[in-house]
2 protein chains.
Amino acid sequence: MANLTIARLAASAGVGVETVRFYQRKGLMAVPASSGAVRHYDETDVQRLRFIRAAQRAGFSLKEIAELLALDASDDRARVQALTRTRLAALDAEMAELAAAKAMLAGLLSECTSGKAGPCPIIATFTGKACH
Amino acid sequence: MANLTIARLAASAGVGVETVRFYQRKGLMAVPASSGAVRHYDETDVQRLRFIRAAQRAGFSLKEIAELLALDASDDRARVQALTRTRLAALDAEMAELAAAKAMLAGLLSECTSGKAGPCPIIATFTGKACH
DNA sequence: ATACCCTCCGTACCACGATACAGAGTCAAG
DNA sequence: CTTGACTCTGTATCGTGGTACGGAGGGTAT
């Protein structure tokens, strides 16, 4: 067993000590019932912390991650799949929004840099009532 | 001049009254120095409120929008273009992250639904250290 | 002129994900 | 046995973009 302090646990996942404590308060990580005054952590804690960060990178909120962690124990694949599908749909929606914003800004930027006279087209677009 | 109350101004941009007041507190919109006790708004206020919402849809933060509004007056196209390019780069980065998350989740979902035995691959991925 | 809704103003609160800090305790090295 | 780094606990604060509410006063439709 690794027998890590909280600082070393945090470092193993590239987060700060305060962040680990924050996850403990949120119920995402257990606070080990240490015998002494200073708590010690092992590989399972490292795994769990990495799980949280990996799921976060996939766009899950801490609330959803809490559910995933619970499902890790119960092995309810249907529910995990449902959460994943919901997340995929949300990702699609976010990507569509970003793509629309990007297309608009890219168009305006090339228009603006092409050096025509008159008001800046970027500003003009935001000022006008119709947004493309 | 339209001579709108705050509720009608808000409605003209599809936001709530409280949101307009919030923008006023943030300095994004001026509070008209009304003679009486109830303030009145005109087309220029409607324009400005629409500007804010349009720029928000393009992904600008309220802080950036404040700068864009200042630039609207000063007509500094170079600075507007710089802000736009920064925003475009940020959009690209966000889209890349979302695409990576989507690819990972989509792959895991099909793996998970294909009904193999053993632990759920989605959970297993978050648990494991490498997130390919 | 009297309901009745709207406005004004200040303040508080929400979600989200942290981050900071104070004050006391603990632990290992020199 | 002291020093210095680390830990524990609790509470407060941050940034982002709002939303809610209470009490006092304004404006208007009937």
# chains A, B, ... in the order shown; residues from 1 in each chain; ligands from 1
call {"tool": "interface_residues", "arguments": {"of": "chain A", "to": "chain D", "cutoff": "9 Å", "atoms": "only C-alpha atoms (C1' of nucleotides)", "output": "ChimeraX atom specification"}}
result
/A:5-7,37-39
call {"tool": "write_last_selection", "arguments": {"atoms": "N, CA and C atoms", "output": "PDB file, in the first residue's frame"}}
result
ATOM      1  N   THR A   5       0.257  10.811   1.975  1.00  0.00           N
ATOM      2  CA  THR A   5      -0.398  11.939   2.634  1.00  0.00           C
ATOM      3  C   THR A   5      -1.308  12.593   1.603  1.00  0.00           C
ATOM      4  N   ILE A   6      -2.124  13.507   2.056  1.00  0.00           N
ATOM      5  CA  ILE A   6      -3.076  14.133   1.145  1.00  0.00           C
ATOM      6  C   ILE A   6      -2.358  14.912   0.049  1.00  0.00           C
ATOM      7  N   ALA A   7      -1.220  15.496   0.384  1.00  0.00           N
ATOM      8  CA  ALA A   7      -0.478  16.277  -0.612  1.00  0.00           C
ATOM      9  C   ALA A   7       0.039  15.369  -1.723  1.00  0.00           C
ATOM     10  N   ALA A  37      -4.018  11.179  13.844  1.00  0.00           N
ATOM     11  CA  ALA A  37      -4.593  12.465  13.527  1.00  0.00           C
ATOM     12  C   ALA A  37      -4.415  12.802  12.048  1.00  0.00           C
ATOM     13  N   VAL A  38      -3.408  12.245  11.442  1.00  0.00           N
ATOM     14  CA  VAL A  38      -3.137  12.520  10.036  1.00  0.00           C
ATOM     15  C   VAL A  38      -3.610  11.337   9.186  1.00  0.00           C
ATOM     16  N   ARG A  39      -4.423  11.614   8.197  1.00  0.00           N
ATOM     17  CA  ARG A  39      -4.979  10.574   7.348  1.00  0.00           C
ATOM     18  C   ARG A  39      -3.986  10.067   6.331  1.00  0.00           C
TER      19      ARG A  39
END
call {"tool": "interface_residues", "arguments": {"of": "chain A", "to": "chain C", "cutoff": "9 Å", "atoms": "only C-alpha atoms (C1' of nucleotides)", "output": "list in words"}}
result
Glu18, Thr19, Phe22, Ala37, Val38, Ser61 and Leu62 of chain A
call {"tool": "interface_residues", "arguments": {"of": "chain A", "to": "chain B", "cutoff": "9 Å", "atoms": "only C-alpha atoms", "output": "PyMOL selection string"}}
result
chain A and resi 47-55+57-59+68-69+71-72+75-78+80-81+84-85+87-88+91-92+94-95+97-102+104-106+108-109+112-113+119-120+122-131
call {"tool": "calpha_fit_and_write", "arguments": {"fixed": "chain B", "moving": "chain A", "output": "compact mmCIF listing (two decimals) with N, CA and C atoms, in the first residue's frame"}}
result
# COMPACT_ATOMS: atom_id res chain seq x y z
N MET A 1 -39.31 57.92 -30.63
CA MET A 1 -38.64 57.15 -29.58
C MET A 1 -39.61 56.19 -28.91
N ALA A 2 -39.10 55.03 -28.60
CA ALA A 2 -39.98 53.96 -28.11
C ALA A 2 -40.50 54.21 -26.69
N ASN A 3 -39.69 54.85 -25.85
CA ASN A 3 -40.12 55.16 -24.48
C ASN A 3 -40.60 53.92 -23.72
N LEU A 4 -39.70 52.99 -23.57
CA LEU A 4 -40.05 51.72 -22.95
C LEU A 4 -39.77 51.72 -21.45
N THR A 5 -40.51 50.91 -20.73
CA THR A 5 -40.15 50.65 -19.33
C THR A 5 -39.10 49.55 -19.34
N ILE A 6 -38.52 49.30 -18.20
CA ILE A 6 -37.45 48.31 -18.14
C ILE A 6 -37.97 46.92 -18.50
N ALA A 7 -39.21 46.64 -18.14
CA ALA A 7 -39.77 45.32 -18.44
C ALA A 7 -39.91 45.12 -19.94
N ARG A 8 -40.32 46.18 -20.64
CA ARG A 8 -40.48 46.07 -22.08
C ARG A 8 -39.14 46.02 -22.78
N LEU A 9 -38.18 46.76 -22.27
CA LEU A 9 -36.81 46.69 -22.80
C LEU A 9 -36.28 45.26 -22.67
N ALA A 10 -36.43 44.72 -21.47
CA ALA A 10 -35.94 43.36 -21.22
C ALA A 10 -36.62 42.37 -22.16
N ALA A 11 -37.92 42.50 -22.30
CA ALA A 11 -38.68 41.58 -23.15
C ALA A 11 -38.23 41.68 -24.61
N SER A 12 -37.84 42.86 -25.02
CA SER A 12 -37.44 43.06 -26.42
C SER A 12 -36.16 42.29 -26.76
N ALA A 13 -35.41 41.91 -25.74
CA ALA A 13 -34.21 41.12 -26.00
C ALA A 13 -34.33 39.72 -25.40
N GLY A 14 -35.51 39.43 -24.87
CA GLY A 14 -35.73 38.10 -24.33
C GLY A 14 -34.99 37.81 -23.05
N VAL A 15 -34.76 38.85 -22.24
CA VAL A 15 -34.11 38.62 -20.95
C VAL A 15 -35.03 39.10 -19.84
N GLY A 16 -34.64 38.89 -18.61
CA GLY A 16 -35.44 39.31 -17.48
C GLY A 16 -35.06 40.71 -17.03
N VAL A 17 -35.94 41.34 -16.30
CA VAL A 17 -35.70 42.67 -15.76
C VAL A 17 -34.43 42.68 -14.90
N GLU A 18 -34.29 41.66 -14.09
CA GLU A 18 -33.13 41.58 -13.19
C GLU A 18 -31.83 41.51 -13.98
N THR A 19 -31.89 40.91 -15.13
CA THR A 19 -30.69 40.79 -15.95
C THR A 19 -30.28 42.16 -16.49
N VAL A 20 -31.26 42.96 -16.89
CA VAL A 20 -30.95 44.32 -17.34
C VAL A 20 -30.29 45.11 -16.22
N ARG A 21 -30.86 45.02 -15.05
CA ARG A 21 -30.29 45.73 -13.91
C ARG A 21 -28.88 45.23 -13.61
N PHE A 22 -28.70 43.94 -13.75
CA PHE A 22 -27.37 43.35 -13.55
C PHE A 22 -26.37 43.95 -14.54
N TYR A 23 -26.75 44.08 -15.78
CA TYR A 23 -25.87 44.68 -16.79
C TYR A 23 -25.60 46.15 -16.47
N GLN A 24 -26.58 46.81 -15.93
CA GLN A 24 -26.38 48.21 -15.53
C GLN A 24 -25.34 48.29 -14.41
N ARG A 25 -25.48 47.41 -13.45
CA ARG A 25 -24.52 47.39 -12.34
C ARG A 25 -23.11 47.10 -12.84
N LYS A 26 -23.03 46.26 -13.87
CA LYS A 26 -21.73 45.88 -14.43
C LYS A 26 -21.17 46.95 -15.35
N GLY A 27 -21.94 47.98 -15.58
CA GLY A 27 -21.47 49.05 -16.45
C GLY A 27 -21.62 48.75 -17.92
N LEU A 28 -22.33 47.69 -18.27
CA LEU A 28 -22.52 47.34 -19.68
C LEU A 28 -23.61 48.20 -20.31
N MET A 29 -24.53 48.66 -19.48
CA MET A 29 -25.59 49.53 -19.97
C MET A 29 -25.68 50.74 -19.05
N ALA A 30 -25.97 51.86 -19.63
CA ALA A 30 -26.12 53.07 -18.83
C ALA A 30 -27.49 53.08 -18.16
N VAL A 31 -27.55 53.69 -16.99
CA VAL A 31 -28.83 53.91 -16.34
C VAL A 31 -29.29 55.30 -16.80
N PRO A 32 -30.38 55.38 -17.54
CA PRO A 32 -30.79 56.68 -18.04
C PRO A 32 -31.12 57.64 -16.91
N ALA A 33 -30.62 58.85 -17.01
CA ALA A 33 -30.86 59.86 -15.99
C ALA A 33 -32.25 60.45 -16.21
N SER A 34 -33.22 59.66 -15.80
CA SER A 34 -34.60 60.06 -16.03
C SER A 34 -34.99 61.26 -15.18
N SER A 35 -35.92 62.02 -15.69
CA SER A 35 -36.40 63.17 -14.93
C SER A 35 -37.26 62.70 -13.76
N GLY A 36 -38.17 61.81 -14.01
CA GLY A 36 -39.06 61.32 -12.96
C GLY A 36 -38.41 60.20 -12.16
N ALA A 37 -39.23 59.42 -11.49
CA ALA A 37 -38.74 58.35 -10.66
C ALA A 37 -38.60 57.05 -11.46
N VAL A 38 -39.36 56.92 -12.50
CA VAL A 38 -39.32 55.71 -13.31
C VAL A 38 -38.54 55.99 -14.60
N ARG A 39 -37.55 55.18 -14.87
CA ARG A 39 -36.70 55.36 -16.03
C ARG A 39 -37.36 54.91 -17.31
N HIS A 40 -36.98 55.56 -18.40
CA HIS A 40 -37.49 55.16 -19.70
C HIS A 40 -36.35 54.88 -20.66
N TYR A 41 -36.60 53.95 -21.55
CA TYR A 41 -35.56 53.45 -22.45
C TYR A 41 -36.03 53.61 -23.90
N ASP A 42 -35.04 53.73 -24.80
CA ASP A 42 -35.40 53.87 -26.22
C ASP A 42 -34.66 52.86 -27.08
N GLU A 43 -34.72 53.08 -28.38
CA GLU A 43 -34.15 52.14 -29.33
C GLU A 43 -32.65 51.90 -29.13
N THR A 44 -31.93 52.94 -28.71
CA THR A 44 -30.49 52.74 -28.52
C THR A 44 -30.22 51.76 -27.38
N ASP A 45 -31.09 51.76 -26.39
CA ASP A 45 -30.94 50.80 -25.30
C ASP A 45 -31.25 49.39 -25.78
N VAL A 46 -32.28 49.29 -26.62
CA VAL A 46 -32.62 47.99 -27.19
C VAL A 46 -31.44 47.47 -28.00
N GLN A 47 -30.87 48.34 -28.82
CA GLN A 47 -29.71 47.97 -29.63
C GLN A 47 -28.57 47.46 -28.76
N ARG A 48 -28.31 48.19 -27.70
CA ARG A 48 -27.18 47.83 -26.84
C ARG A 48 -27.42 46.50 -26.16
N LEU A 49 -28.64 46.28 -25.71
CA LEU A 49 -28.95 45.02 -25.05
C LEU A 49 -28.83 43.86 -26.04
N ARG A 50 -29.26 44.09 -27.25
CA ARG A 50 -29.14 43.05 -28.28
C ARG A 50 -27.68 42.79 -28.62
N PHE A 51 -26.89 43.87 -28.64
CA PHE A 51 -25.44 43.73 -28.87
C PHE A 51 -24.85 42.76 -27.84
N ILE A 52 -25.19 43.01 -26.58
CA ILE A 52 -24.65 42.17 -25.51
C ILE A 52 -25.02 40.71 -25.72
N ARG A 53 -26.27 40.45 -26.02
CA ARG A 53 -26.70 39.07 -26.19
C ARG A 53 -26.07 38.42 -27.41
N ALA A 54 -25.94 39.19 -28.49
CA ALA A 54 -25.34 38.64 -29.70
C ALA A 54 -23.87 38.30 -29.46
N ALA A 55 -23.17 39.19 -28.79
CA ALA A 55 -21.75 38.94 -28.52
C ALA A 55 -21.60 37.76 -27.57
N GLN A 56 -22.54 37.62 -26.65
CA GLN A 56 -22.52 36.49 -25.74
C GLN A 56 -22.67 35.18 -26.50
N ARG A 57 -23.56 35.19 -27.48
CA ARG A 57 -23.75 33.98 -28.29
C ARG A 57 -22.46 33.62 -29.03
N ALA A 58 -21.65 34.62 -29.33
CA ALA A 58 -20.38 34.36 -30.01
C ALA A 58 -19.31 33.93 -29.02
N GLY A 59 -19.69 33.81 -27.76
CA GLY A 59 -18.77 33.28 -26.77
C GLY A 59 -17.97 34.31 -26.01
N PHE A 60 -18.21 35.59 -26.23
CA PHE A 60 -17.49 36.61 -25.49
C PHE A 60 -18.01 36.67 -24.05
N SER A 61 -17.11 36.91 -23.12
CA SER A 61 -17.52 37.09 -21.73
C SER A 61 -18.03 38.52 -21.56
N LEU A 62 -18.70 38.77 -20.46
CA LEU A 62 -19.23 40.11 -20.22
C LEU A 62 -18.10 41.14 -20.16
N LYS A 63 -16.96 40.72 -19.64
CA LYS A 63 -15.80 41.61 -19.56
C LYS A 63 -15.33 41.99 -20.96
N GLU A 64 -15.25 41.00 -21.84
CA GLU A 64 -14.83 41.28 -23.21
C GLU A 64 -15.87 42.14 -23.92
N ILE A 65 -17.13 41.88 -23.62
CA ILE A 65 -18.19 42.65 -24.24
C ILE A 65 -18.10 44.12 -23.82
N ALA A 66 -17.74 44.34 -22.56
CA ALA A 66 -17.56 45.71 -22.10
C ALA A 66 -16.50 46.41 -22.95
N GLU A 67 -15.44 45.68 -23.26
CA GLU A 67 -14.39 46.27 -24.08
C GLU A 67 -14.88 46.52 -25.51
N LEU A 68 -15.61 45.57 -26.05
CA LEU A 68 -16.15 45.74 -27.40
C LEU A 68 -17.06 46.96 -27.47
N LEU A 69 -17.84 47.15 -26.43
CA LEU A 69 -18.75 48.29 -26.40
C LEU A 69 -17.96 49.60 -26.37
N ALA A 70 -16.87 49.60 -25.63
CA ALA A 70 -16.02 50.79 -25.60
C ALA A 70 -15.42 51.03 -26.98
N LEU A 71 -15.05 49.95 -27.65
CA LEU A 71 -14.43 50.07 -28.97
C LEU A 71 -15.43 50.53 -30.02
N ASP A 72 -16.69 50.21 -29.77
CA ASP A 72 -17.76 50.66 -30.67
C ASP A 72 -17.70 52.18 -30.79
N ALA A 73 -17.39 52.81 -29.68
CA ALA A 73 -17.29 54.27 -29.69
C ALA A 73 -15.97 54.74 -30.31
N SER A 74 -14.88 54.06 -29.98
CA SER A 74 -13.57 54.56 -30.42
C SER A 74 -13.19 54.11 -31.82
N ASP A 75 -13.90 53.11 -32.36
CA ASP A 75 -13.64 52.64 -33.73
C ASP A 75 -12.21 52.13 -33.92
N ASP A 76 -11.70 51.38 -32.96
CA ASP A 76 -10.35 50.83 -33.04
C ASP A 76 -10.45 49.42 -33.63
N ARG A 77 -10.45 49.33 -34.93
CA ARG A 77 -10.65 48.04 -35.59
C ARG A 77 -9.55 47.04 -35.28
N ALA A 78 -8.33 47.50 -35.14
CA ALA A 78 -7.23 46.57 -34.85
C ALA A 78 -7.50 45.82 -33.54
N ARG A 79 -7.96 46.56 -32.54
CA ARG A 79 -8.22 45.95 -31.24
C ARG A 79 -9.40 44.98 -31.33
N VAL A 80 -10.42 45.37 -32.06
CA VAL A 80 -11.58 44.49 -32.24
C VAL A 80 -11.14 43.20 -32.91
N GLN A 81 -10.29 43.34 -33.92
CA GLN A 81 -9.80 42.15 -34.62
C GLN A 81 -8.97 41.26 -33.69
N ALA A 82 -8.18 41.89 -32.85
CA ALA A 82 -7.36 41.11 -31.92
C ALA A 82 -8.24 40.33 -30.96
N LEU A 83 -9.26 40.98 -30.42
CA LEU A 83 -10.18 40.30 -29.52
C LEU A 83 -10.87 39.15 -30.24
N THR A 84 -11.24 39.39 -31.48
CA THR A 84 -11.94 38.37 -32.25
C THR A 84 -11.04 37.17 -32.52
N ARG A 85 -9.77 37.45 -32.84
CA ARG A 85 -8.84 36.34 -33.09
C ARG A 85 -8.61 35.53 -31.82
N THR A 86 -8.49 36.21 -30.69
CA THR A 86 -8.32 35.51 -29.42
C THR A 86 -9.52 34.60 -29.15
N ARG A 87 -10.70 35.16 -29.42
CA ARG A 87 -11.92 34.38 -29.21
C ARG A 87 -11.99 33.19 -30.14
N LEU A 88 -11.57 33.37 -31.38
CA LEU A 88 -11.57 32.26 -32.34
C LEU A 88 -10.62 31.16 -31.88
N ALA A 89 -9.47 31.55 -31.38
CA ALA A 89 -8.51 30.55 -30.91
C ALA A 89 -9.09 29.79 -29.72
N ALA A 90 -9.76 30.51 -28.82
CA ALA A 90 -10.36 29.86 -27.67
C ALA A 90 -11.47 28.90 -28.12
N LEU A 91 -12.24 29.32 -29.12
CA LEU A 91 -13.30 28.46 -29.65
C LEU A 91 -12.69 27.17 -30.22
N ASP A 92 -11.59 27.31 -30.96
CA ASP A 92 -10.93 26.12 -31.52
C ASP A 92 -10.49 25.17 -30.41
N ALA A 93 -9.91 25.74 -29.36
CA ALA A 93 -9.44 24.90 -28.26
C ALA A 93 -10.61 24.19 -27.59
N GLU A 94 -11.70 24.93 -27.37
CA GLU A 94 -12.87 24.32 -26.73
C GLU A 94 -13.45 23.21 -27.61
N MET A 95 -13.50 23.49 -28.91
CA MET A 95 -14.06 22.49 -29.83
C MET A 95 -13.21 21.23 -29.86
N ALA A 96 -11.90 21.40 -29.81
CA ALA A 96 -11.01 20.23 -29.81
C ALA A 96 -11.24 19.39 -28.57
N GLU A 97 -11.41 20.06 -27.43
CA GLU A 97 -11.66 19.33 -26.20
C GLU A 97 -12.97 18.56 -26.27
N LEU A 98 -13.99 19.24 -26.76
CA LEU A 98 -15.29 18.59 -26.85
C LEU A 98 -15.24 17.42 -27.82
N ALA A 99 -14.52 17.60 -28.93
CA ALA A 99 -14.43 16.52 -29.91
C ALA A 99 -13.73 15.31 -29.31
N ALA A 100 -12.70 15.55 -28.53
CA ALA A 100 -11.98 14.44 -27.90
C ALA A 100 -12.89 13.71 -26.92
N ALA A 101 -13.60 14.48 -26.11
CA ALA A 101 -14.51 13.88 -25.14
C ALA A 101 -15.59 13.08 -25.86
N LYS A 102 -16.10 13.64 -26.94
CA LYS A 102 -17.16 12.97 -27.68
C LYS A 102 -16.67 11.66 -28.28
N ALA A 103 -15.49 11.70 -28.88
CA ALA A 103 -14.95 10.48 -29.49
C ALA A 103 -14.79 9.39 -28.44
N MET A 104 -14.29 9.79 -27.28
CA MET A 104 -14.09 8.80 -26.23
C MET A 104 -15.41 8.19 -25.78
N LEU A 105 -16.36 9.07 -25.49
CA LEU A 105 -17.64 8.57 -24.98
C LEU A 105 -18.38 7.75 -26.02
N ALA A 106 -18.33 8.19 -27.29
CA ALA A 106 -19.04 7.45 -28.33
C ALA A 106 -18.46 6.06 -28.48
N GLY A 107 -17.15 5.98 -28.44
CA GLY A 107 -16.49 4.67 -28.53
C GLY A 107 -16.89 3.77 -27.38
N LEU A 108 -16.84 4.33 -26.19
CA LEU A 108 -17.17 3.54 -25.01
C LEU A 108 -18.61 3.09 -25.01
N LEU A 109 -19.47 3.98 -25.48
CA LEU A 109 -20.89 3.64 -25.48
C LEU A 109 -21.17 2.46 -26.39
N SER A 110 -20.58 2.47 -27.58
CA SER A 110 -20.85 1.36 -28.50
C SER A 110 -20.25 0.07 -27.95
N GLU A 111 -19.12 0.23 -27.29
CA GLU A 111 -18.50 -0.95 -26.67
C GLU A 111 -19.40 -1.51 -25.57
N CYS A 112 -19.95 -0.60 -24.80
CA CYS A 112 -20.76 -0.99 -23.65
C CYS A 112 -22.08 -1.60 -24.08
N THR A 113 -22.67 -1.04 -25.14
CA THR A 113 -23.97 -1.56 -25.58
C THR A 113 -23.83 -2.86 -26.35
N SER A 114 -22.63 -3.16 -26.83
CA SER A 114 -22.45 -4.39 -27.61
C SER A 114 -22.48 -5.62 -26.70
N GLY A 115 -22.78 -5.38 -25.45
CA GLY A 115 -23.21 -6.45 -24.55
C GLY A 115 -22.20 -7.50 -24.13
N LYS A 116 -20.94 -7.15 -24.11
CA LYS A 116 -19.98 -8.12 -23.61
C LYS A 116 -20.12 -8.30 -22.09
N ALA A 117 -19.57 -9.36 -21.64
CA ALA A 117 -19.59 -9.60 -20.20
C ALA A 117 -18.52 -8.74 -19.52
N GLY A 118 -18.42 -8.88 -18.23
CA GLY A 118 -17.39 -8.15 -17.50
C GLY A 118 -17.86 -6.78 -17.09
N PRO A 119 -16.96 -6.01 -16.55
CA PRO A 119 -17.34 -4.70 -16.03
C PRO A 119 -17.67 -3.74 -17.18
N CYS A 120 -18.53 -2.79 -16.89
CA CYS A 120 -18.92 -1.78 -17.87
C CYS A 120 -17.68 -1.03 -18.36
N PRO A 121 -17.46 -0.99 -19.65
CA PRO A 121 -16.23 -0.35 -20.18
C PRO A 121 -16.17 1.14 -19.88
N ILE A 122 -17.30 1.78 -19.75
CA ILE A 122 -17.30 3.22 -19.47
C ILE A 122 -16.73 3.46 -18.08
N ILE A 123 -17.30 2.74 -17.13
CA ILE A 123 -16.81 2.85 -15.77
C ILE A 123 -15.35 2.41 -15.69
N ALA A 124 -15.04 1.33 -16.39
CA ALA A 124 -13.67 0.80 -16.35
C ALA A 124 -12.68 1.83 -16.86
N THR A 125 -13.08 2.57 -17.88
CA THR A 125 -12.16 3.57 -18.44
C THR A 125 -11.86 4.67 -17.44
N PHE A 126 -12.88 5.12 -16.76
CA PHE A 126 -12.65 6.18 -15.78
C PHE A 126 -11.84 5.63 -14.61
N THR A 127 -12.05 4.35 -14.32
CA THR A 127 -11.35 3.74 -13.19
C THR A 127 -9.87 3.54 -13.50
N GLY A 128 -9.60 3.08 -14.72
CA GLY A 128 -8.21 2.80 -15.10
C GLY A 128 -7.37 4.06 -15.14
N LYS A 129 -6.05 3.88 -15.19
CA LYS A 129 -5.19 5.06 -15.12
C LYS A 129 -5.02 5.74 -16.46
N ALA A 130 -5.02 4.97 -17.54
CA ALA A 130 -4.82 5.59 -18.86
C ALA A 130 -6.17 5.96 -19.47
N CYS A 131 -6.26 7.16 -19.94
CA CYS A 131 -7.48 7.63 -20.59
C CYS A 131 -7.19 7.68 -22.07
N HIS A 132 -7.42 6.58 -22.75
CA HIS A 132 -7.08 6.33 -24.16
C HIS A 132 -5.62 6.57 -24.42
call {"tool": "select_by_dssp", "arguments": {"residues": "chain A", "states": "helix (DSSP H, G or I)", "output": "PyMOL selection string"}}
result
chain A and resi 6-12+17-25+43-57+62-74+77-113+121-127
